[in-house]
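start.cif follows; it contains mmCIF, C-alpha atoms.
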data_upload
#
loop_
_atom_site.label_atom_id
_atom_site.label_comp_id
_atom_site.auth_asym_id
_atom_site.auth_seq_id
_atom_site.Cartn_x
_atom_site.Cartn_y
_atom_site.Cartn_z
CA MET A 57 23.30 26.97 -8.60
CA ASP A 58 20.26 25.45 -10.31
CA HIS A 59 17.17 26.19 -8.22
CA ASN A 60 14.82 24.21 -10.47
CA LEU A 61 15.26 21.03 -8.45
CA SER A 62 11.82 19.50 -8.11
CA LEU A 63 12.96 16.44 -6.16
CA ILE A 64 14.93 18.39 -3.55
CA THR A 65 12.31 21.10 -3.13
CA THR A 66 9.56 18.53 -2.76
CA LEU A 67 11.55 16.64 -0.13
CA ALA A 68 12.51 19.80 1.74
CA ALA A 69 8.97 21.19 1.75
CA GLY A 70 7.31 17.85 2.45
CA PHE A 71 9.57 16.78 5.29
CA GLY A 72 9.90 20.28 6.74
CA LEU A 73 6.19 21.07 6.90
CA ALA A 74 5.35 17.53 8.00
CA LEU A 75 7.78 17.96 10.90
CA VAL A 76 6.30 21.30 11.94
CA PHE A 77 2.65 20.32 11.67
CA GLY A 78 3.27 16.83 13.05
CA PHE A 79 4.98 18.35 16.10
CA LEU A 80 2.09 20.78 16.62
CA ALA A 81 -0.44 17.97 16.29
CA GLN A 82 1.37 15.94 18.94
CA ARG A 83 1.46 18.92 21.29
CA LEU A 84 -2.31 19.24 20.82
CA LYS A 85 -2.70 15.53 21.72
CA LEU A 86 -3.64 14.65 18.13
CA PRO A 87 -2.14 11.91 15.94
CA ALA A 88 0.91 13.09 14.02
CA LEU A 89 -0.65 12.03 10.72
CA VAL A 90 -3.21 14.84 11.17
CA GLY A 91 -0.29 17.24 10.95
CA TYR A 92 1.04 15.42 7.89
CA LEU A 93 -2.31 15.85 6.15
CA LEU A 94 -2.30 19.57 6.99
CA ALA A 95 1.19 19.81 5.50
CA GLY A 96 -0.20 18.28 2.32
CA ILE A 97 -2.90 20.95 2.19
CA VAL A 98 -0.31 23.69 2.53
CA ILE A 99 1.91 22.43 -0.31
CA GLY A 100 -1.03 21.33 -2.47
CA PRO A 101 -2.58 23.25 -5.37
CA ALA A 102 -5.65 24.23 -3.31
CA THR A 103 -3.66 26.75 -1.27
CA PRO A 104 -1.55 29.73 -2.40
CA GLY A 105 2.22 29.69 -2.37
CA PHE A 106 4.56 26.78 -3.05
CA VAL A 107 3.04 23.76 -4.80
CA ALA A 108 4.93 20.48 -4.63
CA ASP A 109 5.58 18.32 -7.67
CA VAL A 110 2.67 15.87 -7.48
CA SER A 111 4.33 13.24 -9.67
CA ILE A 112 7.53 13.16 -7.63
CA ALA A 113 5.67 13.22 -4.31
CA SER A 114 3.50 10.31 -5.43
CA GLN A 115 6.50 8.20 -6.42
CA LEU A 116 8.34 8.98 -3.18
CA SER A 117 5.24 8.08 -1.17
CA GLU A 118 5.06 4.76 -3.04
CA ILE A 119 8.52 4.00 -1.69
CA GLY A 120 7.20 4.69 1.79
CA VAL A 121 4.28 2.30 1.23
CA MET A 122 6.65 -0.40 -0.03
CA LEU A 123 8.97 -0.09 2.97
CA LEU A 124 6.06 0.11 5.41
CA MET A 125 4.41 -3.05 4.06
CA PHE A 126 7.79 -4.78 3.89
CA GLY A 127 8.33 -3.98 7.57
CA VAL A 128 4.90 -5.33 8.46
CA GLY A 129 5.66 -8.51 6.54
CA LEU A 130 8.81 -8.98 8.62
CA HIS A 131 6.57 -9.38 11.67
CA PHE A 132 3.95 -11.53 9.96
CA SER A 133 4.53 -15.15 8.96
CA LEU A 134 2.52 -17.35 6.62
CA ALA A 135 1.29 -19.26 9.68
CA ASP A 136 -0.03 -15.99 11.15
CA LEU A 137 -1.86 -15.29 7.90
CA LEU A 138 -3.44 -18.74 7.78
CA ALA A 139 -4.35 -18.56 11.47
CA VAL A 140 -6.69 -15.62 10.91
CA LYS A 141 -8.17 -16.71 7.57
CA ARG A 142 -11.46 -17.87 9.13
CA ILE A 143 -12.07 -14.34 10.38
CA ALA A 144 -10.22 -12.21 7.83
CA VAL A 145 -11.62 -13.75 4.64
CA PRO A 146 -15.36 -13.76 5.42
CA GLY A 147 -15.03 -10.52 7.39
CA ALA A 148 -13.39 -8.67 4.52
CA VAL A 149 -15.88 -10.05 1.98
CA VAL A 150 -18.92 -9.12 4.09
CA GLN A 151 -17.53 -5.68 4.95
CA MET A 152 -16.71 -4.87 1.32
CA SER A 153 -20.12 -6.12 0.16
CA LEU A 154 -22.03 -4.08 2.74
CA ALA A 155 -19.97 -0.94 2.09
CA THR A 156 -20.48 -1.33 -1.66
CA LEU A 157 -24.25 -1.72 -1.25
CA LEU A 158 -24.44 1.30 1.04
CA GLY A 159 -22.42 3.33 -1.45
CA MET A 160 -24.71 2.25 -4.28
CA GLY A 161 -27.74 3.23 -2.20
CA LEU A 162 -26.29 6.64 -1.49
CA ALA A 163 -25.41 7.14 -5.16
CA TRP A 164 -28.92 6.04 -6.17
CA SER A 165 -30.40 8.71 -3.88
CA TRP A 166 -28.29 11.26 -5.77
CA GLY A 167 -29.71 10.07 -9.08
CA TRP A 168 -26.54 8.36 -10.29
CA HIS A 169 -26.51 5.49 -12.79
CA TRP A 170 -26.27 2.11 -11.07
CA GLY A 171 -22.87 1.46 -12.70
CA ALA A 172 -21.43 4.68 -11.32
CA GLY A 173 -22.95 3.81 -7.95
CA LEU A 174 -21.22 0.41 -8.02
CA VAL A 175 -17.82 1.98 -8.68
CA PHE A 176 -18.48 4.54 -5.95
CA GLY A 177 -19.46 1.81 -3.49
CA LEU A 178 -16.40 -0.26 -4.33
CA SER A 179 -14.22 2.80 -3.71
CA LEU A 180 -15.76 3.19 -0.25
CA SER A 181 -15.38 -0.50 0.60
CA CYS A 182 -11.57 -0.41 0.90
CA ALA A 183 -9.92 0.46 4.17
CA SER A 184 -6.77 2.56 4.11
CA THR A 185 -3.93 0.11 4.68
CA VAL A 186 -1.31 2.72 5.49
CA VAL A 187 -3.50 4.69 7.90
CA LEU A 188 -4.58 1.54 9.72
CA LEU A 189 -1.02 0.23 9.96
CA LYS A 190 0.23 3.52 11.37
CA ALA A 191 -2.59 3.43 13.92
CA LEU A 192 -1.68 -0.15 14.88
CA GLU A 193 1.97 0.84 15.21
CA ALA A 194 1.07 3.79 17.42
CA ARG A 195 -0.87 1.45 19.70
CA ARG A 196 1.83 -1.25 19.43
CA SER A 197 -0.83 -3.72 18.34
CA ILE A 198 0.69 -5.19 15.18
CA ASP A 199 1.94 -8.30 16.99
CA THR A 200 -1.35 -8.86 18.86
CA MET A 201 -4.12 -11.18 17.69
CA ASN A 202 -6.34 -8.22 16.78
CA GLY A 203 -3.47 -6.70 14.84
CA ARG A 204 -2.90 -9.92 12.90
CA ILE A 205 -6.59 -10.17 12.08
CA ALA A 206 -6.60 -6.57 10.86
CA ILE A 207 -3.55 -7.17 8.65
CA GLY A 208 -5.00 -10.39 7.25
CA TRP A 209 -8.23 -8.49 6.56
CA LEU A 210 -6.26 -5.85 4.65
CA VAL A 211 -4.45 -8.49 2.59
CA VAL A 212 -7.79 -10.00 1.54
CA GLU A 213 -9.08 -6.54 0.61
CA ASP A 214 -5.96 -5.83 -1.46
CA LEU A 215 -6.33 -9.12 -3.34
CA ALA A 216 -10.00 -8.39 -3.97
CA THR A 217 -9.10 -4.91 -5.23
CA VAL A 218 -6.66 -6.38 -7.75
CA ILE A 219 -9.48 -8.49 -9.18
CA VAL A 220 -11.93 -5.57 -9.17
CA LEU A 221 -9.52 -3.26 -10.98
CA VAL A 222 -8.96 -5.93 -13.63
CA LEU A 223 -12.68 -6.54 -14.14
CA LEU A 224 -13.77 -2.89 -14.32
CA PRO A 225 -12.33 -2.09 -17.81
CA PRO A 226 -14.03 -5.04 -19.59
CA LEU A 227 -17.28 -4.25 -17.78
CA ALA A 228 -17.12 -0.51 -18.44
CA GLY A 229 -19.71 -0.69 -21.21
CA VAL A 230 -22.12 -2.71 -19.09
CA LEU A 231 -21.67 -0.24 -16.22
CA GLY A 232 -22.73 2.60 -18.46
CA ALA A 233 -19.39 4.26 -19.18
CA SER A 234 -19.55 6.39 -22.32
CA GLY A 235 -16.93 5.69 -24.97
CA ALA A 236 -15.80 2.47 -23.25
CA PRO A 237 -13.41 0.46 -25.46
CA VAL A 238 -14.57 -2.89 -26.77
CA GLN A 239 -12.78 -5.76 -25.06
CA SER A 240 -11.72 -8.55 -27.39
CA ALA A 241 -10.87 -11.08 -24.67
CA PRO A 242 -13.74 -12.88 -22.89
CA LEU A 243 -14.38 -11.88 -19.29
CA TRP A 244 -13.64 -15.36 -17.94
CA LEU A 245 -10.27 -15.34 -19.70
CA THR A 246 -9.34 -11.95 -18.22
CA LEU A 247 -10.31 -13.11 -14.73
CA GLY A 248 -8.47 -16.40 -15.17
CA GLN A 249 -5.29 -14.65 -16.27
CA THR A 250 -5.45 -12.34 -13.25
CA LEU A 251 -5.90 -15.23 -10.82
CA LEU A 252 -3.02 -17.10 -12.45
CA GLN A 253 -0.78 -14.05 -12.19
CA VAL A 254 -1.57 -13.48 -8.52
CA GLY A 255 -1.24 -17.18 -7.76
CA GLY A 256 2.03 -17.35 -9.68
CA PHE A 257 3.50 -14.48 -7.69
CA VAL A 258 2.45 -15.97 -4.34
CA ALA A 259 3.80 -19.39 -5.33
CA LEU A 260 7.09 -17.89 -6.53
CA MET A 261 7.58 -16.03 -3.26
CA LEU A 262 6.69 -19.01 -1.08
CA VAL A 263 8.71 -21.58 -3.04
CA VAL A 264 11.70 -19.63 -4.38
CA GLY A 265 11.68 -16.49 -2.24
CA ARG A 266 11.64 -18.36 1.09
CA ARG A 267 14.96 -19.95 0.15
CA ALA A 268 16.66 -17.35 -2.00
CA LEU A 269 16.05 -14.19 0.03
CA PRO A 270 17.31 -15.45 3.43
CA TRP A 271 20.34 -16.93 1.65
CA LEU A 272 21.04 -13.61 -0.07
CA LEU A 273 20.73 -11.72 3.21
CA TRP A 274 23.09 -14.19 4.88
CA GLN A 275 25.72 -13.64 2.17
CA VAL A 276 25.51 -9.87 2.56
CA ALA A 277 25.62 -10.08 6.36
CA LYS A 278 28.83 -12.12 6.19
CA THR A 279 30.63 -9.15 4.65
CA GLY A 280 30.22 -7.27 7.92
CA SER A 281 29.17 -4.09 6.11
CA ARG A 282 26.20 -2.31 7.66
CA GLU A 283 25.80 -0.14 4.56
CA LEU A 284 25.56 -3.16 2.28
CA PHE A 285 23.06 -4.82 4.62
CA THR A 286 20.80 -1.75 4.63
CA LEU A 287 21.14 -1.45 0.86
CA ALA A 288 20.21 -5.11 0.45
CA ILE A 289 17.06 -4.64 2.54
CA VAL A 290 15.92 -1.60 0.57
CA THR A 291 16.76 -3.28 -2.75
CA ILE A 292 14.82 -6.43 -1.89
CA ALA A 293 11.76 -4.52 -0.71
CA ILE A 294 11.54 -2.11 -3.65
CA SER A 295 12.64 -4.52 -6.39
CA ILE A 296 10.19 -7.25 -5.42
CA ALA A 297 7.37 -4.73 -4.99
CA TYR A 298 8.08 -3.29 -8.44
CA GLY A 299 8.42 -6.73 -10.00
CA ALA A 300 5.12 -7.81 -8.48
CA GLY A 301 3.37 -4.91 -10.16
CA ALA A 302 5.21 -4.99 -13.49
CA LEU A 303 5.23 -8.76 -14.06
CA PHE A 304 2.25 -10.08 -12.11
CA GLY A 305 -0.15 -7.14 -11.89
CA VAL A 306 -0.04 -7.23 -8.09
CA SER A 307 -0.02 -3.99 -6.12
CA PHE A 308 3.32 -2.66 -4.88
CA ALA A 309 2.09 -2.90 -1.30
CA LEU A 310 1.11 -6.55 -1.55
CA GLY A 311 4.39 -7.41 -3.28
CA ALA A 312 6.41 -5.72 -0.56
CA PHE A 313 4.34 -7.42 2.15
CA PHE A 314 5.05 -10.90 0.77
CA ALA A 315 8.73 -10.00 0.39
CA GLY A 316 8.88 -9.11 4.07
CA MET A 317 6.90 -12.19 5.04
CA VAL A 318 9.30 -14.59 3.35
CA MET A 319 12.27 -12.62 4.73
CA ARG A 320 10.94 -13.42 8.18
CA GLU A 321 12.38 -16.91 7.66
CA SER A 322 15.85 -15.37 7.96
CA GLU A 323 17.61 -15.10 11.29
CA PHE A 324 18.34 -11.47 10.36
CA SER A 325 14.67 -10.46 10.15
CA HIS A 326 14.82 -8.38 13.36
CA ARG A 327 17.93 -6.57 12.16
CA ALA A 328 16.29 -6.01 8.79
CA ALA A 329 13.29 -4.41 10.50
CA GLU A 330 15.53 -2.12 12.54
CA GLU A 331 17.64 -1.07 9.54
CA SER A 332 14.62 -0.23 7.37
CA LEU A 333 12.62 1.55 10.10
CA PRO A 334 14.10 5.08 9.69
CA LEU A 335 13.71 5.03 5.91
CA ARG A 336 10.19 3.65 5.93
CA ASP A 337 8.99 6.17 8.52
CA ALA A 338 10.49 9.09 6.59
CA PHE A 339 9.05 8.12 3.22
CA ALA A 340 5.72 7.04 4.71
CA VAL A 341 5.25 10.63 5.87
CA LEU A 342 5.12 11.69 2.22
CA PHE A 343 2.19 9.33 1.68
CA PHE A 344 0.02 11.44 3.99
CA VAL A 345 1.45 14.69 2.68
CA ARG A 346 0.60 13.92 -0.93
CA ARG A 347 -2.89 12.52 -0.19
CA ARG A 348 -4.31 16.04 -0.17
CA HIS A 349 -3.41 16.71 -3.79
CA ALA A 350 -3.20 13.36 -5.53
CA VAL A 351 -5.66 10.55 -6.12
CA ARG A 352 -4.81 6.89 -6.29
CA PRO A 353 -7.46 4.15 -6.68
CA SER A 354 -6.26 1.50 -4.28
CA CYS A 355 -7.02 0.11 -0.86
CA VAL A 356 -3.51 1.12 0.13
CA ALA A 357 -4.48 4.75 -0.18
#
Translate this file's structure into structure tokens.
Amino acid sequence: MDHNLSLITTLAAGFGLALVFGFLAQRLKLPALVGYLLAGIVIGPATPGFVADVSIASQLSEIGVMLLMFGVGLHFSLADLLAVKRIAVPGAVVQMSLATLLGMGLAWSWGWHWGAGLVFGLSLSCASTVVLLKALEARRSIDTMNGRIAIGWLVVEDLATVIVLVLLPPLAGVLGASGAPVQSAPLWLTLGQTLLQVGGFVALMLVVGRRALPWLLWQVAKTGSRELFTLAIVTIAISIAYGAGALFGVSFALGAFFAGMVMRESEFSHRAAEESLPLRDAFAVLFFVRRRHAVRPSCVA
């Protein structure tokens, strides 16, 4: 038997240690995710013994993020998103601005270049989408007004992060990065292309997705096969999330969220949420496990 099975060993170690430490954390009246983080320390390179495959763990955790955001979208309609825009949009902008300025001030006190301080501040300005969603789920607050405001806030932050990540490479030279490549395209053109890509994805989901995805789910449901229905849910969530990133430059999390949101138009949305719940919870655990030995520049982190 071949024992060089990185995928299986990573799953076995990740799930097994997450179960043990999560159980102990719950017994100590602590959130289970504290145990998941401890499991990540144990299987990470900073501790002796078994070290998980970081690349595989990162990809598996991305699946968990996709399914988690897809499930949130199933409980969040476009009307809910628009209802909180007067709080979520200015709130997210002000919070990110203040956090960025505070980060720059802290970096300045350390003697950093202002460009490095700006990047540091921007990194601090993003809330952790997955951690906050798990906290809202634990408190059963996702369907409350405060929960909707928090989710809308996170969506605005994720959209802002997409723009920031696009603008950083062309501005690398201005920010003081050594050896920064020369950008041939004007800054306004790069920003315009990004906005068009994001807008195109949102429009495609709201115009085409709102009709095509519920119809597709209805056709699968008519077969009477529970396996096909579950497979359809997972395929829709992961495929749209991947397509959003590959074709439109949108984060996997945001793509999965909009997929779930348009799926909410279907009469099978509650069943879809129930079918995807076990998978999303299992893979979401790996997100916390791998956070201790992998770095990912995104608000979803």
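Reported to one decimal place, the separation of atom CA of Leu158 of chain A from atom CA of Leu174 of chain A is 9.7 Å.
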Q: Show which residues sit within 8 Å of Thr286 of chain A, as a list of chain:residue names. Count all atoms listed in the file, and ignore same-chain residues fewer than 4 positions away.
A: A:Arg282, A:Val290, A:Ala328, A:Glu331, A:Ser332
(Q) Going by the chain IDs and residue numbers used in this file, which residues fall under the PyMOL selection byres ((chain A and resi 177) around 12)? Write them as a PyMOL selection string. (A) chain A and resi 151-164+168+170-176+178-182+220
Q: Any chance you could resolve the PyMOL selection byres ((chain A and resi 137) around 12) against this file and give the residues as a ChimeraX atom specification?
A: /A:129,131-136,138-145,201,203-212,313-314,317
Same residues, C-alpha atoms, saved as a PDB file, in the frame of the given file:
ATOM      1  CA  GLY A 129       5.660  -8.510   6.540  1.00  0.00           C
ATOM      2  CA  HIS A 131       6.570  -9.380  11.670  1.00  0.00           C
ATOM      3  CA  PHE A 132       3.950 -11.530   9.960  1.00  0.00           C
ATOM      4  CA  SER A 133       4.530 -15.150   8.960  1.00  0.00           C
ATOM      5  CA  LEU A 134       2.520 -17.350   6.620  1.00  0.00           C
ATOM      6  CA  ALA A 135       1.290 -19.260   9.680  1.00  0.00           C
ATOM      7  CA  ASP A 136      -0.030 -15.990  11.150  1.00  0.00           C
ATOM      8  CA  LEU A 138      -3.440 -18.740   7.780  1.00  0.00           C
ATOM      9  CA  ALA A 139      -4.350 -18.560  11.470  1.00  0.00           C
ATOM     10  CA  VAL A 140      -6.690 -15.620  10.910  1.00  0.00           C
ATOM     11  CA  LYS A 141      -8.170 -16.710   7.570  1.00  0.00           C
ATOM     12  CA  ARG A 142     -11.460 -17.870   9.130  1.00  0.00           C
ATOM     13  CA  ILE A 143     -12.070 -14.340  10.380  1.00  0.00           C
ATOM     14  CA  ALA A 144     -10.220 -12.210   7.830  1.00  0.00           C
ATOM     15  CA  VAL A 145     -11.620 -13.750   4.640  1.00  0.00           C
ATOM     16  CA  MET A 201      -4.120 -11.180  17.690  1.00  0.00           C
ATOM     17  CA  GLY A 203      -3.470  -6.700  14.840  1.00  0.00           C
ATOM     18  CA  ARG A 204      -2.900  -9.920  12.900  1.00  0.00           C
ATOM     19  CA  ILE A 205      -6.590 -10.170  12.080  1.00  0.00           C
ATOM     20  CA  ALA A 206      -6.600  -6.570  10.860  1.00  0.00           C
ATOM     21  CA  ILE A 207      -3.550  -7.170   8.650  1.00  0.00           C
ATOM     22  CA  GLY A 208      -5.000 -10.390   7.250  1.00  0.00           C
ATOM     23  CA  TRP A 209      -8.230  -8.490   6.560  1.00  0.00           C
ATOM     24  CA  LEU A 210      -6.260  -5.850   4.650  1.00  0.00           C
ATOM     25  CA  VAL A 211      -4.450  -8.490   2.590  1.00  0.00           C
ATOM     26  CA  VAL A 212      -7.790 -10.000   1.540  1.00  0.00           C
ATOM     27  CA  PHE A 313       4.340  -7.420   2.150  1.00  0.00           C
ATOM     28  CA  PHE A 314       5.050 -10.900   0.770  1.00  0.00           C
ATOM     29  CA  MET A 317       6.900 -12.190   5.040  1.00  0.00           C
TER      30      MET A 317
END
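Among the candidates A:Asp337, A:Glu321, A:Asp199, A:Glu330, the one nearest to Leu123 of chain A when counting all atoms listed in the file is A:Asp337.
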Q) Any chance you could work out the residue set of the PyMOL selection byres ((chain A and resi 68) around 12) here, as an MDAnalysis selection string? A) chainID A and resid 61:67 69:75 95 99 106 108:109 113 338 342
Residue selection dump (C-alpha atoms) as a PDB file, in the coordinates of the input:
ATOM      1  CA  LEU A  61      15.260  21.030  -8.450  1.00  0.00           C
ATOM      2  CA  SER A  62      11.820  19.500  -8.110  1.00  0.00           C
ATOM      3  CA  LEU A  63      12.960  16.440  -6.160  1.00  0.00           C
ATOM      4  CA  ILE A  64      14.930  18.390  -3.550  1.00  0.00           C
ATOM      5  CA  THR A  65      12.310  21.100  -3.130  1.00  0.00           C
ATOM      6  CA  THR A  66       9.560  18.530  -2.760  1.00  0.00           C
ATOM      7  CA  LEU A  67      11.550  16.640  -0.130  1.00  0.00           C
ATOM      8  CA  ALA A  69       8.970  21.190   1.750  1.00  0.00           C
ATOM      9  CA  GLY A  70       7.310  17.850   2.450  1.00  0.00           C
ATOM     10  CA  PHE A  71       9.570  16.780   5.290  1.00  0.00           C
ATOM     11  CA  GLY A  72       9.900  20.280   6.740  1.00  0.00           C
ATOM     12  CA  LEU A  73       6.190  21.070   6.900  1.00  0.00           C
ATOM     13  CA  ALA A  74       5.350  17.530   8.000  1.00  0.00           C
ATOM     14  CA  LEU A  75       7.780  17.960  10.900  1.00  0.00           C
ATOM     15  CA  ALA A  95       1.190  19.810   5.500  1.00  0.00           C
ATOM     16  CA  ILE A  99       1.910  22.430  -0.310  1.00  0.00           C
ATOM     17  CA  PHE A 106       4.560  26.780  -3.050  1.00  0.00           C
ATOM     18  CA  ALA A 108       4.930  20.480  -4.630  1.00  0.00           C
ATOM     19  CA  ASP A 109       5.580  18.320  -7.670  1.00  0.00           C
ATOM     20  CA  ALA A 113       5.670  13.220  -4.310  1.00  0.00           C
ATOM     21  CA  ALA A 338      10.490   9.090   6.590  1.00  0.00           C
ATOM     22  CA  LEU A 342       5.120  11.690   2.220  1.00  0.00           C
TER      23      LEU A 342
END
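Shortest atom-to-atom contact with Pro270 of chain A among A:Leu227, A:Val306, A:Val110, A:Ala288: A:Ala288, counting all atoms listed in the file.
Ranking A:Gly120, A:Gly105, A:Gly96, A:Gly280 by their shortest atom-to-atom distance to Phe339 of chain A, with all atoms listed in the file included, puts A:Gly120 first.
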